[in-house]
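Colleague: Data file final.cif (mmCIF, C-alpha atoms (C1' of nucleotides)) is appended below.
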data_final
#
loop_
_atom_site.group_PDB
_atom_site.id
_atom_site.type_symbol
_atom_site.label_atom_id
_atom_site.label_comp_id
_atom_site.auth_asym_id
_atom_site.auth_seq_id
_atom_site.Cartn_x
_atom_site.Cartn_y
_atom_site.Cartn_z
ATOM 1 C CA MET A 1255 0.000 0.000 0.000
ATOM 2 C CA ARG A 1256 2.150 2.817 1.318
ATOM 3 C CA SER A 1257 5.558 3.076 -0.214
ATOM 4 C CA ALA A 1258 8.453 2.089 1.953
ATOM 5 C CA ALA A 1259 9.379 4.760 4.421
ATOM 6 C CA ALA A 1260 12.819 6.289 4.550
ATOM 7 C CA GLU A 1261 13.425 4.499 7.820
ATOM 8 C CA ASP A 1262 12.980 1.161 6.121
ATOM 9 C CA LEU A 1263 15.619 1.902 3.514
ATOM 10 C CA ILE A 1264 18.043 3.422 6.007
ATOM 11 C CA PHE A 1265 17.774 0.691 8.628
ATOM 12 C CA HIS A 1266 18.065 -1.962 5.950
ATOM 13 C CA ALA A 1267 21.050 -0.262 4.362
ATOM 14 C CA LEU A 1268 22.902 0.077 7.665
ATOM 15 C CA ALA A 1269 22.004 -3.394 8.889
ATOM 16 C CA ASP A 1270 24.703 -4.971 6.769
ATOM 17 C CA PRO A 1271 28.208 -4.732 8.293
ATOM 18 C CA SER A 1272 29.919 -4.354 4.924
ATOM 19 C CA ARG A 1273 27.627 -1.515 3.993
ATOM 20 C CA ARG A 1274 28.163 0.203 7.335
ATOM 21 C CA ALA A 1275 31.925 -0.157 6.862
ATOM 22 C CA ILE A 1276 31.716 1.399 3.413
ATOM 23 C CA PHE A 1277 29.608 4.222 4.785
ATOM 24 C CA GLU A 1278 32.052 4.860 7.603
ATOM 25 C CA SER A 1279 34.924 4.887 5.141
ATOM 26 C CA LEU A 1280 33.194 7.556 3.112
ATOM 27 C CA VAL A 1281 32.763 9.746 6.171
ATOM 28 C CA ARG A 1282 36.444 10.610 6.082
ATOM 29 C CA GLY A 1283 36.169 11.853 2.540
ATOM 30 C CA GLU A 1284 35.407 11.055 -1.055
ATOM 31 C CA LEU A 1285 36.431 7.673 -2.386
ATOM 32 C CA ALA A 1286 36.117 6.084 -5.794
ATOM 33 C CA VAL A 1287 34.690 2.624 -6.262
ATOM 34 C CA LYS A 1288 38.130 1.289 -7.048
ATOM 35 C CA ASP A 1289 39.440 2.606 -3.708
ATOM 36 C CA LEU A 1290 36.675 0.889 -1.795
ATOM 37 C CA THR A 1291 37.201 -2.293 -3.791
ATOM 38 C CA ALA A 1292 40.890 -2.180 -2.867
ATOM 39 C CA ARG A 1293 40.327 -1.851 0.872
ATOM 40 C CA PHE A 1294 37.494 -4.320 1.333
ATOM 41 C CA ASP A 1295 37.963 -7.952 0.415
ATOM 42 C CA ILE A 1296 34.900 -8.164 -1.764
ATOM 43 C CA SER A 1297 34.558 -7.893 -5.515
ATOM 44 C CA GLN A 1298 33.938 -4.640 -7.345
ATOM 45 C CA PRO A 1299 30.328 -5.523 -8.240
ATOM 46 C CA ALA A 1300 29.636 -6.221 -4.590
ATOM 47 C CA VAL A 1301 30.902 -2.755 -3.732
ATOM 48 C CA SER A 1302 28.785 -1.214 -6.480
ATOM 49 C CA GLN A 1303 25.707 -3.036 -5.228
ATOM 50 C CA HIS A 1304 26.316 -1.854 -1.673
ATOM 51 C CA LEU A 1305 26.772 1.681 -2.948
ATOM 52 C CA ALA A 1306 23.524 1.421 -4.890
ATOM 53 C CA THR A 1307 21.710 0.398 -1.725
ATOM 54 C CA LEU A 1308 23.270 3.235 0.249
ATOM 55 C CA ARG A 1309 22.513 5.722 -2.515
ATOM 56 C CA ASN A 1310 18.909 4.515 -2.769
ATOM 57 C CA ALA A 1311 18.596 5.127 0.966
ATOM 58 C CA GLY A 1312 19.853 8.678 0.527
ATOM 59 C CA LEU A 1313 22.972 8.032 2.565
ATOM 60 C CA VAL A 1314 25.610 8.603 -0.127
ATOM 61 C CA SER A 1315 25.882 10.216 -3.529
ATOM 62 C CA GLY A 1316 28.239 9.788 -6.448
ATOM 63 C CA ARG A 1317 30.176 12.332 -8.478
ATOM 64 C CA SER A 1318 31.483 11.289 -11.865
ATOM 65 C CA GLU A 1319 34.945 12.509 -12.773
ATOM 66 C CA GLY A 1320 36.644 11.022 -15.793
ATOM 67 C CA ARG A 1321 36.620 7.261 -15.624
ATOM 68 C CA CYS A 1322 36.105 7.178 -11.887
ATOM 69 C CA ILE A 1323 33.007 7.793 -9.790
ATOM 70 C CA TYR A 1324 33.681 9.340 -6.419
ATOM 71 C CA TYR A 1325 31.202 8.684 -3.638
ATOM 72 C CA ARG A 1326 30.628 10.748 -0.551
ATOM 73 C CA VAL A 1327 28.324 10.759 2.439
ATOM 74 C CA GLU A 1328 25.137 12.727 2.000
ATOM 75 C CA PRO A 1329 24.955 15.146 4.950
ATOM 76 C CA LYS A 1330 21.209 14.934 5.404
ATOM 77 C CA GLY A 1331 21.034 11.203 4.821
ATOM 78 C CA LEU A 1332 20.989 10.264 8.474
ATOM 79 C CA LYS A 1333 18.330 12.774 9.384
ATOM 80 C CA PRO A 1334 15.389 10.312 9.215
ATOM 81 C CA LEU A 1335 17.322 7.998 11.505
ATOM 82 C CA ALA A 1336 18.023 10.852 13.910
ATOM 83 C CA ASP A 1337 14.357 11.825 13.794
ATOM 84 C CA TRP A 1338 13.240 8.285 14.509
ATOM 85 C CA LEU A 1339 15.687 8.037 17.375
ATOM 86 C CA SER A 1340 14.733 11.389 18.843
ATOM 87 C CA HIS A 1341 11.186 10.110 19.226
ATOM 88 C CA TYR A 1342 12.419 7.944 22.088
ATOM 89 C CA ARG A 1343 14.539 10.537 23.828
ATOM 90 C CA ALA A 1344 12.655 9.844 27.048
ATOM 91 C CA PHE A 1345 14.470 6.535 27.260
ATOM 92 C CA TRP A 1346 18.018 7.705 27.462
ATOM 93 C CA THR A 1347 19.661 10.465 29.382
ATOM 94 C CA ASP A 1348 23.150 11.277 28.163
ATOM 95 C CA ARG A 1349 24.139 12.886 24.868
ATOM 96 C CA LEU A 1350 20.540 13.941 24.535
ATOM 97 C CA GLY A 1351 21.041 17.655 24.585
ATOM 98 C CA ARG A 1352 23.691 17.611 21.915
ATOM 99 C CA LEU A 1353 21.600 15.391 19.679
ATOM 100 C CA ASP A 1354 18.554 17.600 20.061
ATOM 101 C CA ALA A 1355 20.589 20.675 19.223
ATOM 102 C CA LEU A 1356 21.817 18.955 16.110
ATOM 103 C CA LEU A 1357 18.324 17.933 15.091
ATOM 104 C CA GLU A 1358 17.030 21.456 15.419
ATOM 105 C CA LYS A 1359 19.883 22.721 13.332
ATOM 106 C CA LEU A 1360 19.055 20.166 10.668
ATOM 107 C CA GLU A 1361 15.388 21.030 10.655
ATOM 108 C CA ASP A 1362 15.851 24.775 10.641
ATOM 109 C CA PRO A 1363 17.673 25.891 7.505
ATOM 110 C CA MET B 1034 39.721 -2.925 17.159
ATOM 111 C CA ARG B 1035 36.276 -1.702 17.718
ATOM 112 C CA SER B 1036 33.608 -4.304 18.408
ATOM 113 C CA ALA B 1037 30.507 -3.599 16.420
ATOM 114 C CA ALA B 1038 28.451 -6.509 17.672
ATOM 115 C CA ALA B 1039 25.868 -4.375 19.459
ATOM 116 C CA GLU B 1040 25.303 -2.188 16.417
ATOM 117 C CA ASP B 1041 24.924 -5.243 14.242
ATOM 118 C CA LEU B 1042 22.216 -6.714 16.428
ATOM 119 C CA ILE B 1043 20.380 -3.406 16.844
ATOM 120 C CA PHE B 1044 20.439 -2.402 13.186
ATOM 121 C CA HIS B 1045 19.405 -5.872 12.159
ATOM 122 C CA ALA B 1046 16.606 -5.988 14.710
ATOM 123 C CA LEU B 1047 15.206 -2.620 13.645
ATOM 124 C CA ALA B 1048 15.600 -3.271 9.926
ATOM 125 C CA ASP B 1049 12.425 -5.346 9.851
ATOM 126 C CA PRO B 1050 9.242 -3.232 9.712
ATOM 127 C CA SER B 1051 7.234 -5.678 11.827
ATOM 128 C CA ARG B 1052 9.876 -5.652 14.498
ATOM 129 C CA ARG B 1053 10.050 -1.867 14.469
ATOM 130 C CA ALA B 1054 6.258 -1.724 14.774
ATOM 131 C CA ILE B 1055 6.352 -4.077 17.745
ATOM 132 C CA PHE B 1056 9.086 -2.003 19.339
ATOM 133 C CA GLU B 1057 7.141 1.193 18.812
ATOM 134 C CA SER B 1058 4.045 -0.395 20.338
ATOM 135 C CA LEU B 1059 5.993 -1.275 23.443
ATOM 136 C CA VAL B 1060 7.179 2.303 23.846
ATOM 137 C CA ARG B 1061 3.720 3.291 25.053
ATOM 138 C CA GLY B 1062 3.831 0.735 27.798
ATOM 139 C CA GLU B 1063 4.012 -2.903 28.714
ATOM 140 C CA LEU B 1064 2.227 -5.384 26.494
ATOM 141 C CA ALA B 1065 1.811 -9.132 26.678
ATOM 142 C CA VAL B 1066 2.515 -11.372 23.728
ATOM 143 C CA LYS B 1067 -1.183 -11.980 23.289
ATOM 144 C CA ASP B 1068 -1.819 -8.221 22.999
ATOM 145 C CA LEU B 1069 0.799 -7.858 20.283
ATOM 146 C CA THR B 1070 -0.554 -10.917 18.516
ATOM 147 C CA ALA B 1071 -3.995 -9.343 18.559
ATOM 148 C CA ARG B 1072 -2.949 -6.046 17.011
ATOM 149 C CA PHE B 1073 -0.590 -7.320 14.330
ATOM 150 C CA ASP B 1074 -1.832 -9.662 11.653
ATOM 151 C CA ILE B 1075 0.863 -12.244 12.189
ATOM 152 C CA SER B 1076 0.775 -15.462 14.179
ATOM 153 C CA GLN B 1077 1.763 -15.690 17.811
ATOM 154 C CA PRO B 1078 5.019 -17.588 17.095
ATOM 155 C CA ALA B 1079 6.014 -14.854 14.664
ATOM 156 C CA VAL B 1080 5.528 -12.298 17.428
ATOM 157 C CA SER B 1081 7.564 -14.403 19.835
ATOM 158 C CA GLN B 1082 10.371 -14.727 17.312
ATOM 159 C CA HIS B 1083 10.437 -10.985 16.743
ATOM 160 C CA LEU B 1084 10.475 -10.411 20.483
ATOM 161 C CA ALA B 1085 13.363 -12.847 20.836
ATOM 162 C CA THR B 1086 15.325 -10.891 18.241
ATOM 163 C CA LEU B 1087 14.556 -7.591 19.950
ATOM 164 C CA ARG B 1088 15.426 -9.038 23.350
ATOM 165 C CA ASN B 1089 18.697 -10.462 22.024
ATOM 166 C CA ALA B 1090 19.571 -6.993 20.760
ATOM 167 C CA GLY B 1091 18.929 -5.552 24.219
ATOM 168 C CA LEU B 1092 16.011 -3.467 23.015
ATOM 169 C CA VAL B 1093 13.228 -5.062 25.074
ATOM 170 C CA SER B 1094 12.851 -7.255 28.127
ATOM 171 C CA GLY B 1095 10.132 -9.551 29.389
ATOM 172 C CA ARG B 1096 8.454 -9.761 32.768
ATOM 173 C CA SER B 1097 6.584 -12.948 33.628
ATOM 174 C CA GLU B 1098 3.306 -12.484 35.481
ATOM 175 C CA GLY B 1099 1.011 -15.437 35.754
ATOM 176 C CA ARG B 1100 0.342 -17.014 32.427
ATOM 177 C CA CYS B 1101 1.298 -13.876 30.513
ATOM 178 C CA ILE B 1102 4.696 -12.408 29.738
ATOM 179 C CA TYR B 1103 4.726 -8.639 29.555
ATOM 180 C CA TYR B 1104 7.374 -7.008 27.392
ATOM 181 C CA ARG B 1105 8.678 -3.495 27.707
ATOM 182 C CA VAL B 1106 11.292 -1.308 26.065
ATOM 183 C CA GLU B 1107 14.704 -1.471 27.642
ATOM 184 C CA PRO B 1108 15.686 2.127 28.430
ATOM 185 C CA LYS B 1109 19.356 1.775 27.541
ATOM 186 C CA GLY B 1110 18.728 -0.418 24.537
ATOM 187 C CA LEU B 1111 18.981 2.374 21.997
ATOM 188 C CA LYS B 1112 22.119 3.871 23.496
ATOM 189 C CA PRO B 1113 24.539 2.094 21.104
ATOM 190 C CA LEU B 1114 22.486 3.400 18.219
ATOM 191 C CA ALA B 1115 22.513 6.929 19.627
ATOM 192 C CA ASP B 1116 26.257 6.654 20.183
ATOM 193 C CA TRP B 1117 26.835 5.470 16.637
ATOM 194 C CA LEU B 1118 24.743 8.321 15.310
ATOM 195 C CA SER B 1119 26.369 10.967 17.458
ATOM 196 C CA HIS B 1120 29.745 9.844 16.159
ATOM 197 C CA TYR B 1121 28.967 11.750 12.963
ATOM 198 C CA ARG B 1122 27.884 14.906 14.698
ATOM 199 C CA ALA B 1123 31.080 16.687 13.763
ATOM 200 C CA PHE B 1124 30.691 15.632 10.166
ATOM 201 C CA TRP B 1125 27.127 16.872 10.028
ATOM 202 C CA THR B 1126 27.774 20.237 11.573
ATOM 203 C CA ASP B 1127 30.839 20.758 9.426
ATOM 204 C CA ARG B 1128 29.113 19.796 6.203
ATOM 205 C CA LEU B 1129 25.952 21.689 6.970
ATOM 206 C CA GLY B 1130 27.960 24.704 7.951
ATOM 207 C CA ARG B 1131 29.683 24.657 4.610
ATOM 208 C CA LEU B 1132 26.339 24.089 2.917
ATOM 209 C CA ASP B 1133 24.866 27.091 4.666
ATOM 210 C CA ALA B 1134 27.841 29.164 3.672
ATOM 211 C CA LEU B 1135 27.473 28.077 0.087
ATOM 212 C CA LEU B 1136 23.785 28.900 0.043
ATOM 213 C CA GLU B 1137 24.436 32.328 1.477
ATOM 214 C CA LYS B 1138 27.100 32.920 -1.103
ATOM 215 C CA LEU B 1139 24.685 31.925 -3.853
ATOM 216 C CA GLU B 1140 21.869 34.069 -2.549
ATOM 217 C CA ASP B 1141 23.979 37.084 -1.738
ATOM 218 C CA PRO B 1142 26.597 37.730 -4.414
ATOM 219 C "C1'" DC C 661 -6.909 -32.715 39.405
ATOM 220 C "C1'" DC C 662 -7.770 -31.136 34.873
ATOM 221 C "C1'" DA C 663 -8.862 -28.546 30.974
ATOM 222 C "C1'" DA C 664 -7.700 -24.347 28.934
ATOM 223 C "C1'" DG C 665 -4.931 -20.194 28.100
ATOM 224 C "C1'" DC C 666 -0.260 -18.211 27.181
ATOM 225 C "C1'" DC C 667 4.059 -18.680 25.365
ATOM 226 C "C1'" DA C 668 8.432 -20.649 23.317
ATOM 227 C "C1'" DT C 669 10.520 -23.792 20.359
ATOM 228 C "C1'" DA C 670 10.841 -26.955 16.282
ATOM 229 C "C1'" DA C 671 10.301 -28.043 11.497
ATOM 230 C "C1'" DG C 672 9.250 -26.694 6.910
ATOM 231 C "C1'" DC C 673 8.690 -23.538 3.170
ATOM 232 C "C1'" DA C 674 9.086 -19.494 0.150
ATOM 233 C "C1'" DT C 675 11.407 -15.444 -0.425
ATOM 234 C "C1'" DG C 676 15.182 -12.192 -0.010
ATOM 235 C "C1'" DC C 677 19.950 -11.082 0.320
ATOM 236 C "C1'" DG C 678 24.896 -10.929 -0.335
ATOM 237 C "C1'" DC C 679 28.294 -12.639 -3.057
ATOM 238 C "C1'" DT C 680 30.307 -14.363 -7.239
ATOM 239 C "C1'" DT C 681 31.547 -14.349 -12.450
ATOM 240 C "C1'" DA C 682 30.386 -12.564 -16.934
ATOM 241 C "C1'" DT C 683 29.287 -8.766 -19.771
ATOM 242 C "C1'" DA C 684 27.980 -4.112 -21.514
ATOM 243 C "C1'" DT C 685 28.985 0.912 -21.294
ATOM 244 C "C1'" DC C 686 31.747 4.749 -20.941
ATOM 245 C "C1'" DT C 687 36.087 7.300 -20.779
ATOM 246 C "C1'" DC C 688 40.770 8.234 -21.587
ATOM 247 C "C1'" DA C 689 45.566 7.142 -23.380
ATOM 248 C "C1'" DG C 690 48.339 5.981 -27.368
ATOM 249 C "C1'" DC D 1239 40.772 3.977 -33.969
ATOM 250 C "C1'" DT D 1240 42.118 0.704 -30.638
ATOM 251 C "C1'" DG D 1241 42.963 -1.096 -26.190
ATOM 252 C "C1'" DA D 1242 42.701 -0.712 -21.311
ATOM 253 C "C1'" DG D 1243 40.678 0.988 -16.998
ATOM 254 C "C1'" DA D 1244 36.436 1.978 -14.112
ATOM 255 C "C1'" DT D 1245 31.848 1.072 -13.185
ATOM 256 C "C1'" DA D 1246 27.104 -0.697 -13.500
ATOM 257 C "C1'" DT D 1247 24.082 -4.426 -14.569
ATOM 258 C "C1'" DA D 1248 22.675 -9.353 -15.245
ATOM 259 C "C1'" DA D 1249 22.398 -14.134 -13.979
ATOM 260 C "C1'" DG D 1250 23.118 -17.618 -10.734
ATOM 261 C "C1'" DC D 1251 24.197 -19.735 -6.284
ATOM 262 C "C1'" DG D 1252 24.085 -20.607 -1.187
ATOM 263 C "C1'" DC D 1253 22.480 -19.097 2.886
ATOM 264 C "C1'" DA D 1254 19.790 -16.388 5.931
ATOM 265 C "C1'" DT D 1255 15.206 -14.739 7.087
ATOM 266 C "C1'" DG D 1256 10.338 -14.285 8.073
ATOM 267 C "C1'" DC D 1257 6.378 -16.645 7.982
ATOM 268 C "C1'" DT D 1258 3.484 -20.690 8.816
ATOM 269 C "C1'" DT D 1259 1.599 -24.966 11.464
ATOM 270 C "C1'" DA D 1260 2.527 -28.283 15.098
ATOM 271 C "C1'" DT D 1261 3.859 -29.271 19.635
ATOM 272 C "C1'" DG D 1262 5.395 -29.106 24.488
ATOM 273 C "C1'" DG D 1263 6.027 -26.632 28.946
ATOM 274 C "C1'" DC D 1264 3.869 -23.633 32.398
ATOM 275 C "C1'" DT D 1265 0.352 -21.425 34.893
ATOM 276 C "C1'" DT D 1266 -4.274 -20.612 36.443
ATOM 277 C "C1'" DG D 1267 -9.399 -21.237 36.990
ATOM 278 C "C1'" DG D 1268 -13.017 -24.457 37.995
#
Show me this structure written as structure tokens.

Modeller:
Amino acid sequence: MRSAAAEDLIFHALADPSRRAIFESLVRGELAVKDLTARFDISQPAVSQHLATLRNAGLVSGRSEGRCIYYRVEPKGLKPLADWLSHYRAFWTDRLGRLDALLEKLEDP
Amino acid sequence: MRSAAAEDLIFHALADPSRRAIFESLVRGELAVKDLTARFDISQPAVSQHLATLRNAGLVSGRSEGRCIYYRVEPKGLKPLADWLSHYRAFWTDRLGRLDALLEKLEDP
DNA sequence: CCAAGCCATAAGCATGCGCTTATATCTCAG
DNA sequence: CTGAGATATAAGCGCATGCTTATGGCTTGG
């Protein structure tokens, strides 16, 4: 009926350890597919498929330059996850203020 | 050598929409397995299996009372997820700051 | 004591997922 | 133009996953 929510795609994308590792690698800066293929012991198509899943979830984006495609983390990609998590702020106590401040900054452009 | 076992279990547990719905139902208060079985159109064993996954991830806990077992959200269960998310706080603020600067530059030449 | 309610586990089944190899596309070097 | 590098897509293969029905262990009401 209703199309899959952003939370579905994001949780599913981050549920896989390889995909989370790729995402965390991209946090430090842009990387081409060949770079990711070199540092993870999986084949290049596997990397491309993981990147497609992450991109479909809005977590990363690709920039084509010559023969290479450089991927980077999408800054607002984790916002739905932060929103979902903030809904349960009554259940934890620490780091809450900083997270709330961040959420407000994200919501108020 | 950072152990990512907790994140694995939590992301995997919350990746399934049924499990997330069960978790969100328990946020409002304790519910027995029979209550969850009544409100979701899946069988009772399916509910129990989802609860086992959530419990194994540290997200919920069960309290036995008579013939029923009441489940509730574990307050500190989402902390690893919040920690993982807050790890990118610097990245977010930095990127968004640069994005804001770029937007201002575009709007006000 | 006993029948019934509540729950967890087991077994089976269909589907999804992550990985592989093979191949097509696109770009640049020569 | 030709060949090589970089990437995406396709097809296939195990394996995990989510669901079902069936069953057994507890607990309580009568």

Colleague: Can you write out as CSV which residues of chain A fall within 8 Å of chain D, alongside each residue's closest atom pair and its distance in Å to one decimal, counting only C-alpha atoms (C1' of nucleotides) and ordering rows by chain and ascending residue number?

Modeller:
residue,atom,partner,partner_atom,distance
A:Val1287,CA,D:DT1245,C1',7.6
A:Lys1288,CA,D:DA1244,C1',7.3
A:Pro1299,CA,D:DA1246,C1',7.8
A:Ser1302,CA,D:DA1246,C1',7.2
A:Arg1321,CA,D:DA1244,C1',5.5
A:Cys1322,CA,D:DA1244,C1',5.7
A:Ile1323,CA,D:DT1245,C1',7.6

Colleague: Fewer than 3 positions away in the same chain doesn't count, so skip those; otherwise give me all residues within 10 Å of Arg1088 in chain B, counting only C-alpha atoms (C1' of nucleotides), as a compact mmCIF listing (two decimals) with C-alpha atoms, in the coordinates of the input.

Modeller:
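Output saved as around.txt:
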# COMPACT_ATOMS: atom_id res chain seq x y z
CA LEU B 1042 22.22 -6.71 16.43
CA ILE B 1043 20.38 -3.41 16.84
CA ALA B 1046 16.61 -5.99 14.71
CA GLN B 1082 10.37 -14.73 17.31
CA HIS B 1083 10.44 -10.98 16.74
CA LEU B 1084 10.48 -10.41 20.48
CA ALA B 1085 13.36 -12.85 20.84
CA GLY B 1091 18.93 -5.55 24.22
CA LEU B 1092 16.01 -3.47 23.02
CA VAL B 1093 13.23 -5.06 25.07
CA SER B 1094 12.85 -7.26 28.13
CA GLY B 1095 10.13 -9.55 29.39
CA TYR B 1104 7.37 -7.01 27.39
CA ARG B 1105 8.68 -3.50 27.71
CA VAL B 1106 11.29 -1.31 26.06
CA GLU B 1107 14.70 -1.47 27.64
CA GLY B 1110 18.73 -0.42 24.54

Colleague: Determine which residues of chain A sit within 8 Å of chain C, taking into account only C-alpha atoms (C1' of nucleotides), and present them as a list of chain:residue names.

Modeller: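 That gives the following set of residues: A:Ser1297, A:Ala1300, A:Gly1320, A:Arg1321.
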
Colleague: Given only C-alpha atoms as the basis, pick out the residue of A:Ile1296, A:Ala1259, A:Ala1311, A:Val1281 nearest to Trp1338 in chain A.

Modeller: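 Of all the options, A:Ala1259 lies closest to Trp1338 in chain A.
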
Colleague: Hey, what comes out of the PyMOL selection byres ((chain B) within 6 of (chain A)) on this file? Could you write it as a PyMOL selection string?

Modeller: chain B and resi 1044-1045+1048+1108+1125

Colleague: Could you jot down the CA of Val1301 in chain A to CA of Asp1289 in chain A separation for me, Å, one decimal place?

Modeller: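 Those two atoms sit 10.1 Å apart.
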
Colleague: Figure out the distance between CA of Asp1337 in chain A and CA of Ser1279 in chain A, please, to one decimal in Å.

Modeller: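 These atoms are spaced 23.4 Å apart.
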
Colleague: How far is it from CA of Ala1054 in chain B to CA of Ile1276 in chain A, in Å with one decimal?

Modeller: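 Between these atoms lies a distance of 28.1 Å.
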
Colleague: Edge lengths and centre in Å to one decimal, as JSON, is what I'm after for the box along x, y and z that holds all listed atoms of range 1092-1109 of chain B once 8 Å is added on each side.

Modeller:
{"center_x": 9.8, "center_y": -7.4, "center_z": 29.4, "size_x": 35.0, "size_y": 35.1, "size_z": 28.7}

Colleague: Produce range 672-689 of chain C of the given structure as output with N, CA and C atoms (P, O5', C5', C4', C3', O3' and C1' of nucleotides), as a compact mmCIF listing (two decimals), in the first residue's frame.

Modeller:
# COMPACT_ATOMS: atom_id res chain seq x y z
P DG C 672 11.42 -31.04 8.81
O5' DG C 672 10.57 -30.07 7.86
C5' DG C 672 9.16 -30.01 8.01
C4' DG C 672 8.59 -28.91 7.13
C3' DG C 672 9.28 -28.75 5.77
O3' DG C 672 8.30 -28.59 4.76
C1' DG C 672 9.25 -26.69 6.91
P DC C 673 8.79 -28.70 3.19
O5' DC C 673 8.35 -27.29 2.63
C5' DC C 673 7.13 -26.68 3.10
C4' DC C 673 7.12 -25.20 2.76
C3' DC C 673 7.81 -24.87 1.44
O3' DC C 673 6.99 -23.99 0.67
C1' DC C 673 8.69 -23.54 3.17
P DA C 674 7.26 -23.93 -0.95
O5' DA C 674 7.28 -22.36 -1.22
C5' DA C 674 6.33 -21.52 -0.56
C4' DA C 674 6.90 -20.12 -0.41
C3' DA C 674 7.57 -19.56 -1.67
O3' DA C 674 7.10 -18.25 -1.92
C1' DA C 674 9.09 -19.49 0.15
P DT C 675 7.52 -17.53 -3.30
O5' DT C 675 8.39 -16.30 -2.76
C5' DT C 675 8.01 -15.67 -1.54
C4' DT C 675 9.21 -14.98 -0.92
C3' DT C 675 10.06 -14.16 -1.91
O3' DT C 675 9.99 -12.80 -1.53
C1' DT C 675 11.41 -15.44 -0.43
P DG C 676 10.74 -11.68 -2.43
O5' DG C 676 12.02 -11.36 -1.53
C5' DG C 676 11.86 -11.24 -0.13
C4' DG C 676 13.20 -11.03 0.54
C3' DG C 676 14.13 -10.07 -0.19
O3' DG C 676 14.81 -9.27 0.77
C1' DG C 676 15.18 -12.19 -0.01
P DC C 677 15.75 -8.06 0.31
O5' DC C 677 17.22 -8.57 0.66
C5' DC C 677 17.43 -9.27 1.89
C4' DC C 677 18.84 -9.80 1.93
C3' DC C 677 19.86 -8.91 1.23
O3' DC C 677 21.05 -8.88 1.97
C1' DC C 677 19.95 -11.08 0.32
P DG C 678 22.01 -7.54 1.91
O5' DG C 678 23.47 -8.15 1.72
C5' DG C 678 23.90 -9.19 2.55
C4' DG C 678 24.89 -10.07 1.83
C3' DG C 678 25.95 -9.30 1.03
O3' DG C 678 27.24 -9.80 1.33
C1' DG C 678 24.90 -10.93 -0.34
P DC C 679 28.54 -9.00 0.84
O5' DC C 679 29.12 -9.94 -0.33
C5' DC C 679 29.60 -11.23 0.00
C4' DC C 679 29.57 -12.14 -1.21
C3' DC C 679 30.39 -11.64 -2.40
O3' DC C 679 31.72 -12.13 -2.34
C1' DC C 679 28.29 -12.64 -3.06
P DT C 680 32.79 -11.58 -3.45
O5' DT C 680 32.51 -12.53 -4.70
C5' DT C 680 32.71 -13.93 -4.60
C4' DT C 680 32.11 -14.65 -5.79
C3' DT C 680 32.71 -14.25 -7.14
O3' DT C 680 33.75 -15.13 -7.50
C1' DT C 680 30.31 -14.36 -7.24
P DT C 681 34.81 -14.65 -8.62
O5' DT C 681 34.01 -14.89 -9.99
C5' DT C 681 33.64 -16.21 -10.39
C4' DT C 681 32.80 -16.17 -11.66
C3' DT C 681 33.51 -15.59 -12.89
O3' DT C 681 33.20 -16.36 -14.04
C1' DT C 681 31.55 -14.35 -12.45
P DA C 682 33.93 -16.07 -15.43
O5' DA C 682 32.81 -15.26 -16.22
C5' DA C 682 31.51 -15.82 -16.36
C4' DA C 682 30.61 -14.87 -17.16
C3' DA C 682 31.29 -14.21 -18.37
O3' DA C 682 30.40 -14.24 -19.48
C1' DA C 682 30.39 -12.56 -16.93
P DT C 683 30.93 -13.70 -20.92
O5' DT C 683 30.25 -12.26 -21.00
C5' DT C 683 28.85 -12.14 -20.75
C4' DT C 683 28.41 -10.68 -20.72
C3' DT C 683 28.98 -9.81 -21.85
O3' DT C 683 27.93 -9.06 -22.42
C1' DT C 683 29.29 -8.77 -19.77
P DA C 684 28.16 -8.49 -23.94
O5' DA C 684 27.62 -6.99 -23.79
C5' DA C 684 26.36 -6.76 -23.14
C4' DA C 684 26.31 -5.34 -22.57
C3' DA C 684 26.77 -4.25 -23.55
O3' DA C 684 25.85 -3.18 -23.53
C1' DA C 684 27.98 -4.11 -21.51
P DT C 685 26.03 -1.99 -24.61
O5' DT C 685 26.59 -0.78 -23.74
C5' DT C 685 25.97 -0.48 -22.48
C4' DT C 685 26.74 0.62 -21.77
C3' DT C 685 27.26 1.73 -22.69
O3' DT C 685 26.89 2.99 -22.17
C1' DT C 685 28.99 0.91 -21.29
P DC C 686 26.98 4.31 -23.11
O5' DC C 686 28.13 5.16 -22.41
C5' DC C 686 28.20 5.20 -20.98
C4' DC C 686 29.61 5.55 -20.54
C3' DC C 686 30.30 6.57 -21.44
O3' DC C 686 30.63 7.72 -20.68
C1' DC C 686 31.75 4.75 -20.94
P DT C 687 31.17 9.07 -21.42
O5' DT C 687 32.73 9.10 -21.04
C5' DT C 687 33.10 8.89 -19.69
C4' DT C 687 34.59 8.62 -19.61
C3' DT C 687 35.44 9.58 -20.45
O3' DT C 687 36.32 10.30 -19.62
C1' DT C 687 36.09 7.30 -20.78
P DC C 688 37.13 11.59 -20.17
O5' DC C 688 38.60 11.01 -20.38
C5' DC C 688 39.28 10.46 -19.26
C4' DC C 688 40.41 9.56 -19.71
C3' DC C 688 41.49 10.25 -20.56
O3' DC C 688 42.76 9.99 -20.01
C1' DC C 688 40.77 8.23 -21.59
P DA C 689 44.01 10.90 -20.46
O5' DA C 689 45.02 9.81 -21.08
C5' DA C 689 45.34 8.67 -20.29
C4' DA C 689 46.04 7.62 -21.13
C3' DA C 689 47.19 8.16 -21.99
O3' DA C 689 48.27 7.23 -21.98
C1' DA C 689 45.57 7.14 -23.38
